[in-house]
Amino acid sequence: MNWVQALETLKQVDWHVINPLYSISGFIVGVLVGFTGVGGGSLMTPLLVLLFGIAPGTAVGTDLLYAAITKASGTLVHGLNRTVDWRIVRRLAGGSIPATGLTLLFLNYIGASQHGASGLITTVLGIALILTAITLNFRKWLLSRLAAYVEGLSDGQTRLLTNLFGAFLGVLVSISSVGAGAIGVTVLILLYPNILSARIVGSDIAHAVPLTLIAGIGHWFLGSIDWALLMSLLIGSVPGIMIASRLAAFVPERVLRPVLAGALAVVGAKLSI
């Protein structure tokens, strides 16, 4: 698909068709993201695939642009608060952007809407959800176990590992739309233990914007974006995130996170088998 064809797809969208069920789902996911901080992809994509029967490629592509839009506002806030380490963002992007491009070329080669690609996307999505669940439940244990292996690394070695991890995220996120949140923060905390958590989170969110935007545009050219679905989700999720963010202080996160992690693990197992 070229630029002309891609723009034609926008003209053909019936923007008046807003599905309230999708908006309600977006609101629920937005609330959970606001309460727990877990990336929307790990919640939204499996919901679209398993509950609404959306094709895996369309669910991933639509969620990528959804993530780019929602995380752009988060990056703006973190940028104004000076809680983004742009050095880390550049290092991650140095690996993720080329890897995203190569992954999109691969998906185009095998046909993103074909059965084989759908099977690949579903399997990778399931694995990504299980990894997310593990990092949510066992982050402290993982960090304590792995800390000894990264102590004493030079800045050059840390930069290389960050580039390589960025490449891993580029492949994982481009195929599944999951991984830039909980997994990304955990690895960055491990590689940069002396940087404040707020700057780690801000850097992870800032890096997710170009990553999900480029991957989302790539999926648009592959023909796997449902624009009406995207608008329906945003109508619900934006107020959901805003409301939950204000109420987050009153909700016991230590209870929500394990429950959410357990649900992701079960869904991930179902998708990957």
# chains A, B, ... in the order shown; residues from 1 in each chain; ligands from 1
$ select_by_dssp --residues "region 186-225 of chain A" --states "helix (DSSP H, G or I)" --output "PyMOL selection string"
chain A and resi 186-191+197-221
$ residues_around --residues "region 69-72 of chain A" --least-positions-apart "3" --cutoff "7 Å" --atoms "only C-alpha atoms" --output "list in words"
Leu65, Tyr66, Thr75, Leu76, Ile205 and Val209 of chain A
$ write_last_selection --atoms "C-alpha atoms" --output "short mmCIF file (atom, residue, chain, number, x, y, z; two decimals), in the first residue's frame"
data_model
loop_
_atom_site.label_atom_id
_atom_site.label_comp_id
_atom_site.auth_asym_id
_atom_site.auth_seq_id
_atom_site.Cartn_x
_atom_site.Cartn_y
_atom_site.Cartn_z
CA LEU A 65 -1.74 3.90 17.16
CA TYR A 66 -3.97 4.02 20.25
CA THR A 75 5.43 12.19 27.46
CA LEU A 76 4.39 15.85 27.41
CA ILE A 205 6.94 6.29 28.03
CA VAL A 209 5.78 7.13 21.46
#
$ closest_atom_pairs --of "region 147-209 of chain A" --to "region 79-97 of chain A" --cutoff "9 Å" --atoms "only C-alpha atoms" --output "JSON lines"
{"residue": "A:Arg159", "atom": "CA", "partner": "A:Arg91", "partner_atom": "CA", "distance": 6.4}
{"residue": "A:Leu160", "atom": "CA", "partner": "A:Arg91", "partner_atom": "CA", "distance": 8.2}
{"residue": "A:Thr162", "atom": "CA", "partner": "A:Leu92", "partner_atom": "CA", "distance": 5.7}
{"residue": "A:Asn163", "atom": "CA", "partner": "A:Gly95", "partner_atom": "CA", "distance": 4.4}
{"residue": "A:Leu164", "atom": "CA", "partner": "A:Gly95", "partner_atom": "CA", "distance": 5.9}
{"residue": "A:Phe165", "atom": "CA", "partner": "A:Leu92", "partner_atom": "CA", "distance": 7.0}
{"residue": "A:Gly166", "atom": "CA", "partner": "A:Leu92", "partner_atom": "CA", "distance": 4.3}
{"residue": "A:Ala167", "atom": "CA", "partner": "A:Ser96", "partner_atom": "CA", "distance": 4.1}
{"residue": "A:Phe168", "atom": "CA", "partner": "A:Ser96", "partner_atom": "CA", "distance": 7.0}
{"residue": "A:Leu169", "atom": "CA", "partner": "A:Ser96", "partner_atom": "CA", "distance": 6.1}
{"residue": "A:Gly170", "atom": "CA", "partner": "A:Ser96", "partner_atom": "CA", "distance": 4.2}
{"residue": "A:Val171", "atom": "CA", "partner": "A:Ser96", "partner_atom": "CA", "distance": 7.5}
{"residue": "A:Leu188", "atom": "CA", "partner": "A:Ile88", "partner_atom": "CA", "distance": 8.7}
{"residue": "A:Ile195", "atom": "CA", "partner": "A:Asp85", "partner_atom": "CA", "distance": 9.0}
{"residue": "A:Leu196", "atom": "CA", "partner": "A:Thr83", "partner_atom": "CA", "distance": 8.7}
{"residue": "A:Ala198", "atom": "CA", "partner": "A:Thr83", "partner_atom": "CA", "distance": 6.0}
{"residue": "A:Arg199", "atom": "CA", "partner": "A:Thr83", "partner_atom": "CA", "distance": 4.3}
{"residue": "A:Ile200", "atom": "CA", "partner": "A:Val84", "partner_atom": "CA", "distance": 7.3}
{"residue": "A:Val201", "atom": "CA", "partner": "A:Val84", "partner_atom": "CA", "distance": 7.9}
{"residue": "A:Gly202", "atom": "CA", "partner": "A:Val84", "partner_atom": "CA", "distance": 4.8}
{"residue": "A:Ser203", "atom": "CA", "partner": "A:Val84", "partner_atom": "CA", "distance": 4.6}
{"residue": "A:Asp204", "atom": "CA", "partner": "A:Val89", "partner_atom": "CA", "distance": 7.2}
{"residue": "A:Ile205", "atom": "CA", "partner": "A:Val84", "partner_atom": "CA", "distance": 8.6}
{"residue": "A:Ala206", "atom": "CA", "partner": "A:Val89", "partner_atom": "CA", "distance": 6.8}
{"residue": "A:His207", "atom": "CA", "partner": "A:Val89", "partner_atom": "CA", "distance": 5.2}
{"residue": "A:Ala208", "atom": "CA", "partner": "A:Val89", "partner_atom": "CA", "distance": 9.0}
$ write_last_selection --atoms "N, CA and C atoms" --output "PDB file, in the first residue's frame"
ATOM      1  N   ARG A 159      25.302   1.038  27.251  1.00  0.00           N
ATOM      2  CA  ARG A 159      24.711   1.571  26.023  1.00  0.00           C
ATOM      3  C   ARG A 159      24.404   0.453  25.037  1.00  0.00           C
ATOM      4  N   LEU A 160      25.351  -0.488  24.892  1.00  0.00           N
ATOM      5  CA  LEU A 160      25.146  -1.603  23.970  1.00  0.00           C
ATOM      6  C   LEU A 160      23.963  -2.461  24.404  1.00  0.00           C
ATOM      7  N   THR A 162      21.460  -1.519  26.186  1.00  0.00           N
ATOM      8  CA  THR A 162      20.246  -0.742  25.976  1.00  0.00           C
ATOM      9  C   THR A 162      19.826  -0.779  24.514  1.00  0.00           C
ATOM     10  N   ASN A 163      20.793  -0.670  23.603  1.00  0.00           N
ATOM     11  CA  ASN A 163      20.506  -0.789  22.165  1.00  0.00           C
ATOM     12  C   ASN A 163      19.894  -2.148  21.835  1.00  0.00           C
ATOM     13  N   LEU A 164      20.496  -3.195  22.392  1.00  0.00           N
ATOM     14  CA  LEU A 164      20.010  -4.549  22.116  1.00  0.00           C
ATOM     15  C   LEU A 164      18.613  -4.766  22.693  1.00  0.00           C
ATOM     16  N   PHE A 165      18.392  -4.239  23.891  1.00  0.00           N
ATOM     17  CA  PHE A 165      17.060  -4.358  24.485  1.00  0.00           C
ATOM     18  C   PHE A 165      16.042  -3.562  23.678  1.00  0.00           C
ATOM     19  N   GLY A 166      16.452  -2.381  23.184  1.00  0.00           N
ATOM     20  CA  GLY A 166      15.577  -1.606  22.320  1.00  0.00           C
ATOM     21  C   GLY A 166      15.183  -2.394  21.078  1.00  0.00           C
ATOM     22  N   ALA A 167      16.150  -3.111  20.486  1.00  0.00           N
ATOM     23  CA  ALA A 167      15.861  -3.935  19.310  1.00  0.00           C
ATOM     24  C   ALA A 167      14.861  -5.036  19.653  1.00  0.00           C
ATOM     25  N   PHE A 168      15.043  -5.648  20.835  1.00  0.00           N
ATOM     26  CA  PHE A 168      14.098  -6.677  21.292  1.00  0.00           C
ATOM     27  C   PHE A 168      12.693  -6.095  21.415  1.00  0.00           C
ATOM     28  N   LEU A 169      12.586  -4.891  22.007  1.00  0.00           N
ATOM     29  CA  LEU A 169      11.282  -4.244  22.143  1.00  0.00           C
ATOM     30  C   LEU A 169      10.692  -3.912  20.774  1.00  0.00           C
ATOM     31  N   GLY A 170      11.541  -3.484  19.843  1.00  0.00           N
ATOM     32  CA  GLY A 170      11.061  -3.158  18.511  1.00  0.00           C
ATOM     33  C   GLY A 170      10.372  -4.332  17.845  1.00  0.00           C
ATOM     34  N   VAL A 171      10.974  -5.510  17.963  1.00  0.00           N
ATOM     35  CA  VAL A 171      10.379  -6.723  17.385  1.00  0.00           C
ATOM     36  C   VAL A 171       9.116  -7.111  18.144  1.00  0.00           C
ATOM     37  N   LEU A 188      15.073  -1.371  32.384  1.00  0.00           N
ATOM     38  CA  LEU A 188      15.741  -0.078  32.552  1.00  0.00           C
ATOM     39  C   LEU A 188      16.156   0.158  33.998  1.00  0.00           C
ATOM     40  N   ILE A 195      19.350   5.882  38.598  1.00  0.00           N
ATOM     41  CA  ILE A 195      18.432   6.897  38.088  1.00  0.00           C
ATOM     42  C   ILE A 195      17.082   6.767  38.788  1.00  0.00           C
ATOM     43  N   LEU A 196      16.492   7.894  39.140  1.00  0.00           N
ATOM     44  CA  LEU A 196      15.223   7.902  39.855  1.00  0.00           C
ATOM     45  C   LEU A 196      14.142   7.169  39.060  1.00  0.00           C
ATOM     46  N   ALA A 198      11.048   7.795  38.671  1.00  0.00           N
ATOM     47  CA  ALA A 198      10.198   8.672  37.863  1.00  0.00           C
ATOM     48  C   ALA A 198      10.825   8.937  36.502  1.00  0.00           C
ATOM     49  N   ARG A 199      12.151   9.079  36.457  1.00  0.00           N
ATOM     50  CA  ARG A 199      12.832   9.320  35.190  1.00  0.00           C
ATOM     51  C   ARG A 199      12.891   8.049  34.339  1.00  0.00           C
ATOM     52  N   ILE A 200      12.956   6.895  35.002  1.00  0.00           N
ATOM     53  CA  ILE A 200      12.906   5.627  34.273  1.00  0.00           C
ATOM     54  C   ILE A 200      11.553   5.477  33.595  1.00  0.00           C
ATOM     55  N   VAL A 201      10.481   5.713  34.348  1.00  0.00           N
ATOM     56  CA  VAL A 201       9.123   5.592  33.799  1.00  0.00           C
ATOM     57  C   VAL A 201       8.918   6.612  32.682  1.00  0.00           C
ATOM     58  N   GLY A 202       9.343   7.855  32.925  1.00  0.00           N
ATOM     59  CA  GLY A 202       9.194   8.888  31.909  1.00  0.00           C
ATOM     60  C   GLY A 202       9.963   8.569  30.642  1.00  0.00           C
ATOM     61  N   SER A 203      11.167   8.029  30.782  1.00  0.00           N
ATOM     62  CA  SER A 203      11.974   7.666  29.620  1.00  0.00           C
ATOM     63  C   SER A 203      11.341   6.516  28.853  1.00  0.00           C
ATOM     64  N   ASP A 204      10.790   5.557  29.575  1.00  0.00           N
ATOM     65  CA  ASP A 204      10.134   4.419  28.935  1.00  0.00           C
ATOM     66  C   ASP A 204       8.910   4.874  28.141  1.00  0.00           C
ATOM     67  N   ILE A 205       8.123   5.782  28.712  1.00  0.00           N
ATOM     68  CA  ILE A 205       6.938   6.294  28.025  1.00  0.00           C
ATOM     69  C   ILE A 205       7.346   7.107  26.803  1.00  0.00           C
ATOM     70  N   ALA A 206       8.378   7.958  26.959  1.00  0.00           N
ATOM     71  CA  ALA A 206       8.838   8.788  25.851  1.00  0.00           C
ATOM     72  C   ALA A 206       9.328   7.925  24.688  1.00  0.00           C
ATOM     73  N   HIS A 207      10.035   6.847  24.994  1.00  0.00           N
ATOM     74  CA  HIS A 207      10.518   5.961  23.934  1.00  0.00           C
ATOM     75  C   HIS A 207       9.367   5.225  23.260  1.00  0.00           C
ATOM     76  N   ALA A 208       8.317   4.936  24.016  1.00  0.00           N
ATOM     77  CA  ALA A 208       7.190   4.188  23.458  1.00  0.00           C
ATOM     78  C   ALA A 208       6.451   4.979  22.382  1.00  0.00           C
TER      79      ALA A 208
END
$ closest_residue --among "A:Thr186, A:Thr123, A:Ser118, A:Thr62" --to "Trp141 (chain A)" --atoms "only C-alpha atoms"
A:Thr186
$ closest_residue --among "A:Ile134, A:Leu125, A:Ile183, A:Leu191" --to "Leu146 (chain A)" --atoms "only C-alpha atoms"
A:Leu191
$ closest_residue --among "A:Ser154, A:Thr132, A:Ser224, A:Ser197" --to "Ser42 (chain A)" --atoms "only C-alpha atoms"
A:Thr132
$ closest_atom_pairs --of "region 157-257 of chain A" --to "region 44-56 of chain A" --cutoff "10 Å" --atoms "only C-alpha atoms" --output "tab-separated table"
residue	atom	partner	partner_atom	distance
A:Ile175	CA	A:Pro56	CA	9.6
A:Ser176	CA	A:Thr45	CA	8.1
A:Ser177	CA	A:Thr45	CA	7.5
A:Val178	CA	A:Thr45	CA	8.3
A:Ser224	CA	A:Ala55	CA	8.8
A:Asp226	CA	A:Ile54	CA	9.7
A:Leu229	CA	A:Leu48	CA	9.9
A:Leu233	CA	A:Met44	CA	9.1
$ write_last_selection --atoms "N, CA and C atoms" --output "CSV table (one decimal), in the first residue's frame"
chain,number,residue,atom,x,y,z
A,175,ILE,N,5.1,-6.7,16.6
A,175,ILE,CA,4.3,-7.9,16.4
A,175,ILE,C,3.1,-8.0,17.3
A,176,SER,N,3.2,-7.7,18.6
A,176,SER,CA,2.2,-7.9,19.6
A,176,SER,C,1.6,-6.6,20.2
A,177,SER,N,2.2,-5.5,20.1
A,177,SER,CA,1.9,-4.2,20.7
A,177,SER,C,2.1,-4.2,22.2
A,178,VAL,N,2.7,-5.3,22.7
A,178,VAL,CA,2.9,-5.4,24.2
A,178,VAL,C,4.4,-5.5,24.5
A,224,SER,N,-3.9,-3.0,8.3
A,224,SER,CA,-4.4,-3.6,9.6
A,224,SER,C,-4.8,-2.6,10.6
A,226,ASP,N,-8.2,-0.4,12.1
A,226,ASP,CA,-9.6,-0.1,12.0
A,226,ASP,C,-9.8,1.3,12.7
A,229,LEU,N,-12.8,1.8,15.1
A,229,LEU,CA,-12.5,1.1,16.3
A,229,LEU,C,-11.5,1.9,17.2
A,233,LEU,N,-12.4,3.4,20.9
A,233,LEU,CA,-11.5,3.1,22.1
A,233,LEU,C,-11.1,4.4,22.8
$ atom_distance --atom1 "CA of Leu213 (chain A)" --atom2 "CA of Val60 (chain A)"
12.2 Å
$ closest_atom_pairs --of "region 142-231 of chain A" --to "region 235-245 of chain A" --cutoff "12 Å" --atoms "only C-alpha atoms" --output "Markdown table"
| residue | atom | partner | partner_atom | distance |
| --- | --- | --- | --- | --- |
| A:Ala228 | CA | A:Ile235 | CA | 10.8 |
| A:Leu229 | CA | A:Ile235 | CA | 10.0 |
| A:Leu230 | CA | A:Ile235 | CA | 8.7 |
| A:Met231 | CA | A:Ile235 | CA | 6.2 |
$ closest_residue --among "A:Leu271, A:Ile217, A:Val266, A:Leu64" --to "Val173 (chain A)" --atoms "only C-alpha atoms"
A:Leu64
